[in-house]
Every structure is written in structure tokens, then in C-alpha cells.
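Comments concern the structure below.
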Amino acid sequence: MVCGGFACSKNALCALNVVYMTDVINASWRVMSNKTQHELERSFDCCGLFNLTTLHQQDYAFCAASCRKWKTCQLCGEKFLKHSDEALKILGGVGLFFSFTEILGVWLAMRFRNQKDPRANPSAFL
């Protein structure tokens, strides 16, 4: 998919971001040890990652989450995506706050940098 200029919409970029995050989560899940996977399943109260492979049934069979008793477990991948989306929104807000603060500092510096000192001798050469 090639995007040029303003042809890319926000929705296309967001969908690309979800695909990228899904790939990152899949890659990290494969690298994790079983102990780490079970600990994440317990802490997030979910089973399996995504229902994309045949490993989903195997992940669900060895799931240690408490939601398995009621058979209402969500997939961990969905919970990870939701959690990472919330964290990225918060980080984006913090980044915008500091960028606007920096812009305000630059404006103030440019506004007040060439002011004359009222205590200086007015007949002196600048």
C-alpha cells in the first residue's frame, strides 16, 4: 500500500498501527518462556494470545487464569492491544504538553531577548 501526500487517512494509519502492534505482540509472545506467558495470563485474566494459529488451543488448554473456570476468557492479545493503546494515548498527551511548553519558551525567549536594561546608561552605545 503506497500513500502519497494527503491520500492517507487517519483510519488507514491507525489500522497500520494495529497491524504493527499485533506483529510485535506475536513476536514477543513466541520469545517468552512458558512461565512468563502463564504469569501474564494470570495477571491480565486472559487465555491464549490471538486465535491466529493452531497454537491457540494449546495455549488455552494450559491456561492458568481464573476466568477459565467460567469459560468467559478473552484473548490476551486483545487485552494487550487495548492496554498498549491506552498507554500510548497517555504518552502522546504528555508529549504534546511538553512540546507546547517548549514552543512557549521559545516564543518568550524571542520576545524578551532584545529588551533594553532600564538600569543601563541610556546614552551608552548598545
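We label chains A, B, ... in the order they appear in the C-alpha cells, count residues from 1 in each chain, and number ligands from 1 in the order shown.
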
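Within 12 Å of Met21 (chain A), once only C-alpha atoms are used and residues closer than 5 positions along the same chain are dropped, the contacting residues are Cys14, Ala15, Leu16, Asn26, Ala27, Ser28, Gly77, Glu78, Phe80, Leu81, Lys82, His83, Ser84, Asp85 and Leu88 of chain A.
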
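Nearest to Asn34 (chain A) of all the residues A:Leu91, A:Cys46, A:Cys63, A:Leu96 is A:Cys63, counting only C-alpha atoms.
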
Alpha helix (DSSP H) positions in region 29-108 of chain A, given as an NGL selection string: :A and (29-31 or 34-44 or 55-61 or 76-108)
